[in-house]
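Heads up, input.pdb below (PDB, C-alpha atoms, pLDDT in the B column):
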ATOM      1  CA  MET L   1      18.343 -10.730  14.377  1.00 64.00           C
ATOM      2  CA  PRO L   2      17.628 -14.231  13.031  1.00 64.00           C
ATOM      3  CA  THR L   3      19.670 -15.225  10.028  1.00 62.00           C
ATOM      4  CA  GLY L   4      18.848 -17.220   6.960  1.00 66.00           C
ATOM      5  CA  ILE L   5      19.964 -20.400   5.278  1.00 65.00           C
ATOM      6  CA  PRO L   6      22.074 -19.961   2.136  1.00 65.00           C
ATOM      7  CA  PRO L   7      21.120 -18.855  -0.478  1.00 68.00           C
ATOM      8  CA  TYR L   8      18.664 -16.853   1.697  1.00 78.00           C
ATOM      9  CA  ASN L   9      19.850 -13.775   3.567  1.00 89.00           C
ATOM     10  CA  TYR L  10      17.121 -14.084   6.189  1.00 92.00           C
ATOM     11  CA  ASP L  11      14.548 -16.663   7.190  1.00 94.00           C
ATOM     12  CA  LEU L  12      11.533 -14.679   8.430  1.00 95.00           C
ATOM     13  CA  ARG L  13       9.593 -17.706   9.612  1.00 95.00           C
ATOM     14  CA  GLY L  14       8.738 -17.661  13.291  1.00 96.00           C
ATOM     15  CA  TRP L  15       9.878 -14.087  13.875  1.00 97.00           C
ATOM     16  CA  ALA L  16       8.178 -12.171  16.661  1.00 97.00           C
ATOM     17  CA  PHE L  17       6.168  -9.200  15.443  1.00 98.00           C
ATOM     18  CA  ASP L  18       8.502  -6.631  17.018  1.00 97.00           C
ATOM     19  CA  VAL L  19      11.534  -8.264  15.402  1.00 97.00           C
ATOM     20  CA  PHE L  20       9.802  -8.165  12.029  1.00 97.00           C
ATOM     21  CA  VAL L  21       8.914  -4.484  12.477  1.00 98.00           C
ATOM     22  CA  ASP L  22      12.499  -3.602  13.412  1.00 97.00           C
ATOM     23  CA  PHE L  23      13.751  -5.471  10.360  1.00 96.00           C
ATOM     24  CA  ILE L  24      11.626  -3.244   8.130  1.00 96.00           C
ATOM     25  CA  PHE L  25      11.967   0.157   9.796  1.00 96.00           C
ATOM     26  CA  ASN L  26      14.993   0.264  12.097  1.00 95.00           C
ATOM     27  CA  ARG L  27      17.475   1.237   9.397  1.00 91.00           C
ATOM     28  CA  PRO L  28      19.212   4.373   8.119  1.00 87.00           C
ATOM     29  CA  PRO L  29      16.814   6.069   5.673  1.00 81.00           C
ATOM     30  CA  VAL L  30      17.612   5.552   1.992  1.00 75.00           C
ATOM     31  CA  PRO L  31      15.927   6.779  -1.211  1.00 72.00           C
ATOM     32  CA  PRO L  32      13.280   4.470  -2.724  1.00 72.00           C
ATOM     33  CA  ALA L  33      15.428   3.885  -5.817  1.00 66.00           C
ATOM     34  CA  PRO L  34      19.193   3.814  -6.466  1.00 65.00           C
ATOM     35  CA  ARG L  35      20.599   7.320  -6.228  1.00 66.00           C
ATOM     36  CA  ASN L  36      24.202   8.516  -6.272  1.00 67.00           C
ATOM     37  CA  GLY L  37      25.409   4.943  -6.033  1.00 69.00           C
ATOM     38  CA  VAL L  38      23.270   4.176  -2.952  1.00 76.00           C
ATOM     39  CA  GLU L  39      20.706   1.396  -3.222  1.00 82.00           C
ATOM     40  CA  PRO L  40      17.786   0.715  -0.875  1.00 86.00           C
ATOM     41  CA  TRP L  41      18.731  -1.856   1.771  1.00 86.00           C
ATOM     42  CA  TYR L  42      16.264  -4.419   0.442  1.00 87.00           C
ATOM     43  CA  TYR L  43      17.612  -4.525  -3.126  1.00 86.00           C
ATOM     44  CA  GLY L  44      18.934  -7.995  -3.881  1.00 84.00           C
ATOM     45  CA  LEU L  45      17.811  -9.538  -0.595  1.00 87.00           C
ATOM     46  CA  SER L  46      16.631 -13.136  -0.804  1.00 88.00           C
ATOM     47  CA  LEU L  47      14.201 -13.976   1.984  1.00 93.00           C
ATOM     48  CA  MET L  48      12.558 -17.180   3.120  1.00 93.00           C
ATOM     49  CA  PHE L  49       9.071 -16.811   4.623  1.00 96.00           C
ATOM     50  CA  ASP L  50       5.709 -18.444   5.078  1.00 97.00           C
ATOM     51  CA  GLU L  51       3.151 -16.493   3.057  1.00 97.00           C
ATOM     52  CA  ARG L  52       0.293 -16.886   5.536  1.00 98.00           C
ATOM     53  CA  GLU L  53       2.502 -15.899   8.421  1.00 98.00           C
ATOM     54  CA  LEU L  54       3.854 -12.908   6.503  1.00 98.00           C
ATOM     55  CA  ILE L  55       0.419 -11.578   5.543  1.00 98.00           C
ATOM     56  CA  GLY L  56      -0.608 -11.918   9.184  1.00 98.00           C
ATOM     57  CA  GLN L  57       2.324  -9.703  10.195  1.00 98.00           C
ATOM     58  CA  TYR L  58       1.259  -7.092   7.663  1.00 98.00           C
ATOM     59  CA  ILE L  59      -2.400  -7.185   8.735  1.00 98.00           C
ATOM     60  CA  ARG L  60      -1.340  -6.629  12.343  1.00 98.00           C
ATOM     61  CA  LEU L  61       0.960  -3.774  11.319  1.00 98.00           C
ATOM     62  CA  PHE L  62      -1.568  -2.051   9.049  1.00 98.00           C
ATOM     63  CA  SER L  63      -4.491  -2.426  11.469  1.00 98.00           C
ATOM     64  CA  ASN L  64      -2.755  -0.655  14.349  1.00 98.00           C
ATOM     65  CA  PRO L  65       0.138   1.417  12.988  1.00 98.00           C
ATOM     66  CA  LYS L  66       0.208   4.311  15.484  1.00 97.00           C
ATOM     67  CA  PHE L  67       2.983   2.769  17.592  1.00 98.00           C
ATOM     68  CA  LEU L  68       5.390   3.327  14.697  1.00 98.00           C
ATOM     69  CA  ILE L  69       5.326   7.088  15.318  1.00 97.00           C
ATOM     70  CA  ASP L  70       7.079   6.733  18.678  1.00 96.00           C
ATOM     71  CA  ARG L  71       9.597   4.147  17.515  1.00 97.00           C
ATOM     72  CA  PHE L  72      10.870   5.471  14.197  1.00 97.00           C
ATOM     73  CA  SER L  73      11.544   8.748  12.436  1.00 95.00           C
ATOM     74  CA  ASP L  74       9.387   9.854   9.512  1.00 94.00           C
ATOM     75  CA  ASP L  75      12.375   9.214   7.219  1.00 92.00           C
ATOM     76  CA  GLN L  76      12.631   5.640   8.493  1.00 94.00           C
ATOM     77  CA  LEU L  77       8.894   5.171   7.995  1.00 96.00           C
ATOM     78  CA  GLU L  78       9.161   6.497   4.458  1.00 94.00           C
ATOM     79  CA  SER L  79      11.939   4.006   3.637  1.00 91.00           C
ATOM     80  CA  GLY L  80      10.146   1.135   5.338  1.00 94.00           C
ATOM     81  CA  PHE L  81       6.838   1.701   3.589  1.00 96.00           C
ATOM     82  CA  TRP L  82       8.574   1.908   0.232  1.00 93.00           C
ATOM     83  CA  ALA L  83      10.066  -1.513   0.991  1.00 92.00           C
ATOM     84  CA  ILE L  84       6.690  -2.886   2.038  1.00 94.00           C
ATOM     85  CA  HIS L  85       4.817  -1.900  -1.105  1.00 92.00           C
ATOM     86  CA  GLY L  86       7.571  -1.864  -3.728  1.00 84.00           C
ATOM     87  CA  GLY L  87       8.265  -4.739  -6.052  1.00 81.00           C
ATOM     88  CA  ALA L  88      12.012  -4.887  -5.333  1.00 85.00           C
ATOM     89  CA  PHE L  89      11.491  -6.463  -1.888  1.00 89.00           C
ATOM     90  CA  ASN L  90      10.589 -10.120  -2.309  1.00 89.00           C
ATOM     91  CA  ALA L  91       8.640 -10.099   0.975  1.00 94.00           C
ATOM     92  CA  ALA L  92       6.687  -7.001  -0.094  1.00 94.00           C
ATOM     93  CA  ALA L  93       3.007  -6.786   0.787  1.00 95.00           C
ATOM     94  CA  SER L  94       2.154  -6.177  -2.854  1.00 92.00           C
ATOM     95  CA  HIS L  95       3.297  -9.696  -3.789  1.00 93.00           C
ATOM     96  CA  LEU L  96       0.655 -11.248  -1.511  1.00 96.00           C
ATOM     97  CA  THR L  97      -2.492  -9.700  -2.971  1.00 95.00           C
ATOM     98  CA  PHE L  98      -3.100 -12.464  -5.513  1.00 95.00           C
ATOM     99  CA  GLU L  99      -1.213 -15.280  -3.808  1.00 96.00           C
ATOM    100  CA  GLN L 100      -3.508 -18.257  -4.307  1.00 94.00           C
ATOM    101  CA  GLY L 101      -2.027 -20.160  -1.382  1.00 96.00           C
ATOM    102  CA  ILE L 102      -3.618 -17.622   0.970  1.00 98.00           C
ATOM    103  CA  PRO L 103      -7.424 -17.769   1.394  1.00 98.00           C
ATOM    104  CA  PHE L 104      -9.201 -14.895  -0.313  1.00 98.00           C
ATOM    105  CA  GLU L 105     -10.882 -13.764   2.900  1.00 98.00           C
ATOM    106  CA  VAL L 106      -7.460 -13.283   4.495  1.00 98.00           C
ATOM    107  CA  ARG L 107      -6.238 -11.247   1.532  1.00 98.00           C
ATOM    108  CA  GLU L 108      -9.461  -9.248   1.672  1.00 98.00           C
ATOM    109  CA  SER L 109      -8.799  -8.398   5.339  1.00 98.00           C
ATOM    110  CA  PHE L 110      -5.253  -7.517   4.368  1.00 98.00           C
ATOM    111  CA  VAL L 111      -6.351  -4.941   1.770  1.00 98.00           C
ATOM    112  CA  ARG L 112      -9.073  -3.509   3.992  1.00 98.00           C
ATOM    113  CA  SER L 113      -6.571  -3.040   6.823  1.00 98.00           C
ATOM    114  CA  MET L 114      -4.715  -0.528   4.625  1.00 98.00           C
ATOM    115  CA  TYR L 115      -7.420   2.024   5.404  1.00 98.00           C
ATOM    116  CA  HIS L 116      -6.003   2.300   8.916  1.00 98.00           C
ATOM    117  CA  LEU L 117      -2.581   3.181   7.556  1.00 98.00           C
ATOM    118  CA  TYR L 118      -4.142   6.375   6.226  1.00 98.00           C
ATOM    119  CA  ALA L 119      -6.656   7.092   8.996  1.00 98.00           C
ATOM    120  CA  ASP L 120      -4.328   6.338  11.904  1.00 98.00           C
ATOM    121  CA  LEU L 121      -0.843   7.089  10.562  1.00 98.00           C
ATOM    122  CA  PHE L 122      -0.507   8.871   7.227  1.00 98.00           C
ATOM    123  CA  ALA L 123      -3.256  11.386   8.078  1.00 98.00           C
ATOM    124  CA  ASP L 124      -0.978  13.020  10.650  1.00 96.00           C
ATOM    125  CA  HIS L 125       2.319  11.865   9.144  1.00 94.00           C
ATOM    126  CA  PRO L 126       2.069  12.356   5.370  1.00 95.00           C
ATOM    127  CA  LEU L 127       5.710  11.300   4.885  1.00 95.00           C
ATOM    128  CA  ASP L 128       7.076  11.999   1.412  1.00 94.00           C
ATOM    129  CA  SER L 129       5.901   9.827  -1.492  1.00 93.00           C
ATOM    130  CA  ALA L 130       5.244   6.365  -0.014  1.00 95.00           C
ATOM    131  CA  PRO L 131       1.563   6.941   0.917  1.00 97.00           C
ATOM    132  CA  TYR L 132       0.821   8.596  -2.422  1.00 96.00           C
ATOM    133  CA  MET L 133       2.530   5.873  -4.480  1.00 95.00           C
ATOM    134  CA  TRP L 134       1.222   3.005  -2.345  1.00 97.00           C
ATOM    135  CA  TRP L 135      -1.642   2.033  -4.632  1.00 96.00           C
ATOM    136  CA  ASP L 136       0.570   1.773  -7.717  1.00 94.00           C
ATOM    137  CA  SER L 137       1.778  -1.526  -6.314  1.00 93.00           C
ATOM    138  CA  PHE L 138      -1.722  -2.862  -5.693  1.00 96.00           C
ATOM    139  CA  ALA L 139      -4.023  -1.352  -8.341  1.00 95.00           C
ATOM    140  CA  TYR L 140      -1.854  -0.701 -11.383  1.00 94.00           C
ATOM    141  CA  ASP L 141      -2.550  -4.091 -12.978  1.00 94.00           C
ATOM    142  CA  TRP L 142      -6.072  -2.897 -13.858  1.00 96.00           C
ATOM    143  CA  HIS L 143      -4.623   0.249 -15.418  1.00 93.00           C
ATOM    144  CA  ALA L 144      -2.131  -1.761 -17.456  1.00 92.00           C
ATOM    145  CA  GLY L 145      -4.647  -4.400 -18.542  1.00 94.00           C
ATOM    146  CA  GLY L 146      -3.137  -7.310 -16.636  1.00 95.00           C
ATOM    147  CA  ARG L 147      -6.317  -7.486 -14.565  1.00 96.00           C
ATOM    148  CA  VAL L 148      -9.686  -7.165 -16.282  1.00 96.00           C
ATOM    149  CA  ARG L 149     -12.938  -6.809 -14.360  1.00 96.00           C
ATOM    150  CA  GLU L 150     -14.968  -8.516 -17.076  1.00 96.00           C
ATOM    151  CA  ARG L 151     -12.883 -11.658 -16.591  1.00 96.00           C
ATOM    152  CA  GLY L 152     -14.595 -12.156 -13.241  1.00 97.00           C
ATOM    153  CA  GLY L 153     -13.023 -14.177 -10.463  1.00 97.00           C
ATOM    154  CA  GLU L 154     -10.499 -12.350  -8.348  1.00 97.00           C
ATOM    155  CA  ASP L 155      -9.984  -9.693 -11.009  1.00 97.00           C
ATOM    156  CA  LEU L 156     -13.507  -8.582 -10.098  1.00 98.00           C
ATOM    157  CA  LEU L 157     -13.580  -9.524  -6.410  1.00 98.00           C
ATOM    158  CA  MET L 158     -10.301  -7.895  -5.444  1.00 98.00           C
ATOM    159  CA  GLN L 159     -11.123  -4.810  -7.482  1.00 98.00           C
ATOM    160  CA  GLU L 160     -14.273  -4.421  -5.377  1.00 98.00           C
ATOM    161  CA  VAL L 161     -12.295  -4.784  -2.137  1.00 98.00           C
ATOM    162  CA  MET L 162      -9.800  -2.140  -3.221  1.00 98.00           C
ATOM    163  CA  TRP L 163     -12.620   0.098  -4.467  1.00 98.00           C
ATOM    164  CA  GLU L 164     -14.374   0.024  -1.095  1.00 98.00           C
ATOM    165  CA  THR L 165     -11.103   0.654   0.735  1.00 98.00           C
ATOM    166  CA  LEU L 166     -10.191   3.587  -1.502  1.00 98.00           C
ATOM    167  CA  GLN L 167     -13.670   5.077  -1.025  1.00 98.00           C
ATOM    168  CA  ARG L 168     -13.069   5.102   2.730  1.00 98.00           C
ATOM    169  CA  ILE L 169      -9.678   6.758   2.309  1.00 98.00           C
ATOM    170  CA  LEU L 170     -11.154   9.351  -0.060  1.00 98.00           C
ATOM    171  CA  ALA L 171     -13.655  10.275   2.677  1.00 98.00           C
ATOM    172  CA  LEU L 172     -10.858  11.236   5.100  1.00 98.00           C
ATOM    173  CA  PRO L 173     -10.550  15.022   5.577  1.00 97.00           C
ATOM    174  CA  GLN L 174      -6.817  15.307   4.889  1.00 97.00           C
ATOM    175  CA  GLU L 175      -6.118  16.409   1.335  1.00 97.00           C
ATOM    176  CA  HIS L 176      -2.961  14.315   1.002  1.00 97.00           C
ATOM    177  CA  CYS L 177      -5.002  11.199   1.885  1.00 98.00           C
ATOM    178  CA  GLN L 178      -7.631  12.205  -0.670  1.00 98.00           C
ATOM    179  CA  MET L 179      -4.904  12.658  -3.269  1.00 97.00           C
ATOM    180  CA  ALA L 180      -3.532   9.185  -2.552  1.00 98.00           C
ATOM    181  CA  ALA L 181      -7.022   7.695  -2.871  1.00 98.00           C
ATOM    182  CA  LEU L 182      -7.596   9.479  -6.182  1.00 98.00           C
ATOM    183  CA  HIS L 183      -4.269   8.152  -7.404  1.00 97.00           C
ATOM    184  CA  GLY L 184      -5.368   4.617  -6.552  1.00 97.00           C
ATOM    185  CA  LEU L 185      -8.797   5.059  -8.107  1.00 97.00           C
ATOM    186  CA  ASN L 186      -7.152   6.355 -11.264  1.00 96.00           C
ATOM    187  CA  HIS L 187      -5.269   3.070 -11.607  1.00 96.00           C
ATOM    188  CA  LEU L 188      -8.018   0.723 -10.410  1.00 97.00           C
ATOM    189  CA  HIS L 189     -10.412   1.488 -13.308  1.00 96.00           C
ATOM    190  CA  HIS L 190     -13.586   0.674 -11.402  1.00 97.00           C
ATOM    191  CA  PRO L 191     -16.670   1.455 -13.528  1.00 97.00           C
ATOM    192  CA  ASP L 192     -18.196   3.727 -10.852  1.00 98.00           C
ATOM    193  CA  THR L 193     -15.127   5.933 -10.516  1.00 97.00           C
ATOM    194  CA  THR L 194     -16.494   8.944 -12.408  1.00 97.00           C
ATOM    195  CA  SER L 195     -19.692   9.102 -10.349  1.00 97.00           C
ATOM    196  CA  LEU L 196     -17.779   8.689  -7.080  1.00 98.00           C
ATOM    197  CA  ILE L 197     -15.353  11.494  -7.909  1.00 97.00           C
ATOM    198  CA  ASN L 198     -18.150  13.786  -9.104  1.00 97.00           C
ATOM    199  CA  VAL L 199     -19.890  13.358  -5.746  1.00 97.00           C
ATOM    200  CA  PHE L 200     -16.585  13.935  -3.964  1.00 97.00           C
ATOM    201  CA  LEU L 201     -16.086  17.231  -5.808  1.00 97.00           C
ATOM    202  CA  GLU L 202     -19.640  18.352  -5.044  1.00 97.00           C
ATOM    203  CA  ARG L 203     -19.065  17.681  -1.346  1.00 96.00           C
ATOM    204  CA  ASN L 204     -15.681  19.413  -1.297  1.00 96.00           C
ATOM    205  CA  PRO L 205     -16.210  22.762  -3.050  1.00 95.00           C
ATOM    206  CA  HIS L 206     -13.339  24.341  -1.123  1.00 95.00           C
ATOM    207  CA  ALA L 207     -10.752  21.758  -2.146  1.00 96.00           C
ATOM    208  CA  SER L 208      -7.540  23.155  -3.602  1.00 97.00           C
ATOM    209  CA  ASP L 209      -7.330  23.761  -7.338  1.00 97.00           C
ATOM    210  CA  GLU L 210      -4.597  21.130  -7.515  1.00 96.00           C
ATOM    211  CA  LEU L 211      -6.824  18.488  -5.962  1.00 97.00           C
ATOM    212  CA  LYS L 212      -9.773  19.413  -8.179  1.00 97.00           C
ATOM    213  CA  GLU L 213      -7.654  19.211 -11.325  1.00 96.00           C
ATOM    214  CA  TYR L 214      -6.222  15.893 -10.217  1.00 96.00           C
ATOM    215  CA  ALA L 215      -9.695  14.524  -9.451  1.00 97.00           C
ATOM    216  CA  VAL L 216     -10.987  15.431 -12.913  1.00 96.00           C
ATOM    217  CA  LEU L 217      -8.108  13.548 -14.544  1.00 95.00           C
ATOM    218  CA  ALA L 218      -8.471  10.568 -12.193  1.00 96.00           C
ATOM    219  CA  ALA L 219     -12.182  10.325 -13.038  1.00 95.00           C
ATOM    220  CA  LYS L 220     -11.146   9.704 -16.644  1.00 93.00           C
ATOM    221  CA  PHE L 221      -8.187   7.427 -15.728  1.00 94.00           C
ATOM    222  CA  GLN L 222      -5.897   9.959 -17.360  1.00 88.00           C
ATOM    223  CA  HIS L 223      -3.376  10.612 -14.596  1.00 74.00           C
ATOM    224  CA  MET L 224      -0.130   8.671 -14.493  1.00 63.00           C
TER     225      MET L 224
END

Could you render the structure from this file as structure tokens?
Amino acid sequence: MPTGIPPYNYDLRGWAFDVFVDFIFNRPPVPPAPRNGVEPWYYGLSLMFDERELIGQYIRLFSNPKFLIDRFSDDQLESGFWAIHGGAFNAAASHLTFEQGIPFEVRESFVRSMYHLYADLFADHPLDSAPYMWWDSFAYDWHAGGRVRERGGEDLLMQEVMWETLQRILALPQEHCQMAALHGLNHLHHPDTTSLINVFLERNPHASDELKEYAVLAAKFQHM
């Protein structure tokens, strides 16, 4: 595996896609946060990378993720996807969403490609908590007030991109995908959330009580 230049542990520039994928997933599974003295492998790593190249790797991975099923265990996928979306990994996908050095249309494609993670991978491999918690890393700024739709600009534009992507995920038939979408919508604070969720509930009268209760709270942005 390519090495870095001090003080960097690894220099990701120029890595082949398969090498990059192995770097993320081909590791012993670890919990997403320090537990019993064990830290995730990516804690404290310092990586050198080209932002446009890195987002291209993620778009390729998210757009066609099915191959991961044959190469890695579900536990490895869980660990890898926590690295990809969590803030502790300095090459995390979540750090690229508002990176001004990357054209907006590329970042838009990047967010939209996340639909395929759910439709083509998580639908049949729900994993543990990574798919459910995914949107915390991308949408929570609107929940916390760091992003405000009324400000316009990318606060508005990126919110719309995420909104459309989450609508598509909510339309998937798997309840765990619907739950993840509701979790994201709860944090995104789009003004049409209540009407969207009301329609969703009308179209899914046989949904579990848990999902219905969650949806009602998400429609009011009241779920943490």

Exercise. List, as a VMD selection string, every residue that the PyMOL selection byres ((chain L and resi 100-116) around 10) selects in the file provided.
Key: chain L and resid 51 to 53 55 to 66 93 to 94 96 to 99 117 to 123 134 138 154 157 to 158 160 to 170 172

Just to be explicit: take each residue in the selection above, keep C-alpha atoms, and write the result as a PDB file, in the frame of the given file.
ATOM      1  CA  GLU L  51       3.151 -16.493   3.057  1.00 97.00           C
ATOM      2  CA  ARG L  52       0.293 -16.886   5.536  1.00 98.00           C
ATOM      3  CA  GLU L  53       2.502 -15.899   8.421  1.00 98.00           C
ATOM      4  CA  ILE L  55       0.419 -11.578   5.543  1.00 98.00           C
ATOM      5  CA  GLY L  56      -0.608 -11.918   9.184  1.00 98.00           C
ATOM      6  CA  GLN L  57       2.324  -9.703  10.195  1.00 98.00           C
ATOM      7  CA  TYR L  58       1.259  -7.092   7.663  1.00 98.00           C
ATOM      8  CA  ILE L  59      -2.400  -7.185   8.735  1.00 98.00           C
ATOM      9  CA  ARG L  60      -1.340  -6.629  12.343  1.00 98.00           C
ATOM     10  CA  LEU L  61       0.960  -3.774  11.319  1.00 98.00           C
ATOM     11  CA  PHE L  62      -1.568  -2.051   9.049  1.00 98.00           C
ATOM     12  CA  SER L  63      -4.491  -2.426  11.469  1.00 98.00           C
ATOM     13  CA  ASN L  64      -2.755  -0.655  14.349  1.00 98.00           C
ATOM     14  CA  PRO L  65       0.138   1.417  12.988  1.00 98.00           C
ATOM     15  CA  LYS L  66       0.208   4.311  15.484  1.00 97.00           C
ATOM     16  CA  ALA L  93       3.007  -6.786   0.787  1.00 95.00           C
ATOM     17  CA  SER L  94       2.154  -6.177  -2.854  1.00 92.00           C
ATOM     18  CA  LEU L  96       0.655 -11.248  -1.511  1.00 96.00           C
ATOM     19  CA  THR L  97      -2.492  -9.700  -2.971  1.00 95.00           C
ATOM     20  CA  PHE L  98      -3.100 -12.464  -5.513  1.00 95.00           C
ATOM     21  CA  GLU L  99      -1.213 -15.280  -3.808  1.00 96.00           C
ATOM     22  CA  LEU L 117      -2.581   3.181   7.556  1.00 98.00           C
ATOM     23  CA  TYR L 118      -4.142   6.375   6.226  1.00 98.00           C
ATOM     24  CA  ALA L 119      -6.656   7.092   8.996  1.00 98.00           C
ATOM     25  CA  ASP L 120      -4.328   6.338  11.904  1.00 98.00           C
ATOM     26  CA  LEU L 121      -0.843   7.089  10.562  1.00 98.00           C
ATOM     27  CA  PHE L 122      -0.507   8.871   7.227  1.00 98.00           C
ATOM     28  CA  ALA L 123      -3.256  11.386   8.078  1.00 98.00           C
ATOM     29  CA  TRP L 134       1.222   3.005  -2.345  1.00 97.00           C
ATOM     30  CA  PHE L 138      -1.722  -2.862  -5.693  1.00 96.00           C
ATOM     31  CA  GLU L 154     -10.499 -12.350  -8.348  1.00 97.00           C
ATOM     32  CA  LEU L 157     -13.580  -9.524  -6.410  1.00 98.00           C
ATOM     33  CA  MET L 158     -10.301  -7.895  -5.444  1.00 98.00           C
ATOM     34  CA  GLU L 160     -14.273  -4.421  -5.377  1.00 98.00           C
ATOM     35  CA  VAL L 161     -12.295  -4.784  -2.137  1.00 98.00           C
ATOM     36  CA  MET L 162      -9.800  -2.140  -3.221  1.00 98.00           C
ATOM     37  CA  TRP L 163     -12.620   0.098  -4.467  1.00 98.00           C
ATOM     38  CA  GLU L 164     -14.374   0.024  -1.095  1.00 98.00           C
ATOM     39  CA  THR L 165     -11.103   0.654   0.735  1.00 98.00           C
ATOM     40  CA  LEU L 166     -10.191   3.587  -1.502  1.00 98.00           C
ATOM     41  CA  GLN L 167     -13.670   5.077  -1.025  1.00 98.00           C
ATOM     42  CA  ARG L 168     -13.069   5.102   2.730  1.00 98.00           C
ATOM     43  CA  ILE L 169      -9.678   6.758   2.309  1.00 98.00           C
ATOM     44  CA  LEU L 170     -11.154   9.351  -0.060  1.00 98.00           C
ATOM     45  CA  LEU L 172     -10.858  11.236   5.100  1.00 98.00           C
TER      46      LEU L 172
END

Practice problem: For Gln76 (chain L), work out the shell of residues within 12 Å, counting all atoms listed in the file and skipping chain neighbours fewer than 5 positions away, then give it as a VMD selection string. | Solution: chain L and resid 21 to 32 40 to 41 68 to 71 81 to 83 127 to 128 130

Quiz item: Phe221 (chain L): which residues within 9 Å, counting only C-alpha atoms, same-chain residues fewer than 4 positions away excluded, as a ChimeraX atom specification?
Solution: /L:143,185-189,193,216-217

Exercise. Between CA of His206 (chain L) and CA of Trp135 (chain L), measure the distance and give it in Å to one decimal.
Key: 25.4 Å

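Minimum atom-to-atom distance to Gly86 (chain L), evaluated using all atoms listed in the file, belongs to L:Tyr43 out of L:Phe67, L:Phe17, L:Tyr214, L:Tyr43.
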
Practice problem: May I ask for the distance between CA of Lys220 (chain L) and CA of Gly87 (chain L), given in Å to one decimal place? | Solution: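 The value is 26.4 Å.
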
Determine the axis-aligned bounding box of all atoms of region 204-219 of chain L present in the file, pad each side by 4 Å, and express its centre and edge lengths in Å to one decimal place as JSON.
{"center_x": -10.4, "center_y": 17.3, "center_z": -7.8, "size_x": 19.6, "size_y": 22.0, "size_z": 21.4}

Exercise. Measure the distance from CA of Gln159 (chain L) to CA of Asn198 (chain L) in Å and round it to one decimal.
Key: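 Taking CA of Gln159 (chain L) as the start and CA of Asn198 (chain L) as the end point, the length is 19.9 Å.
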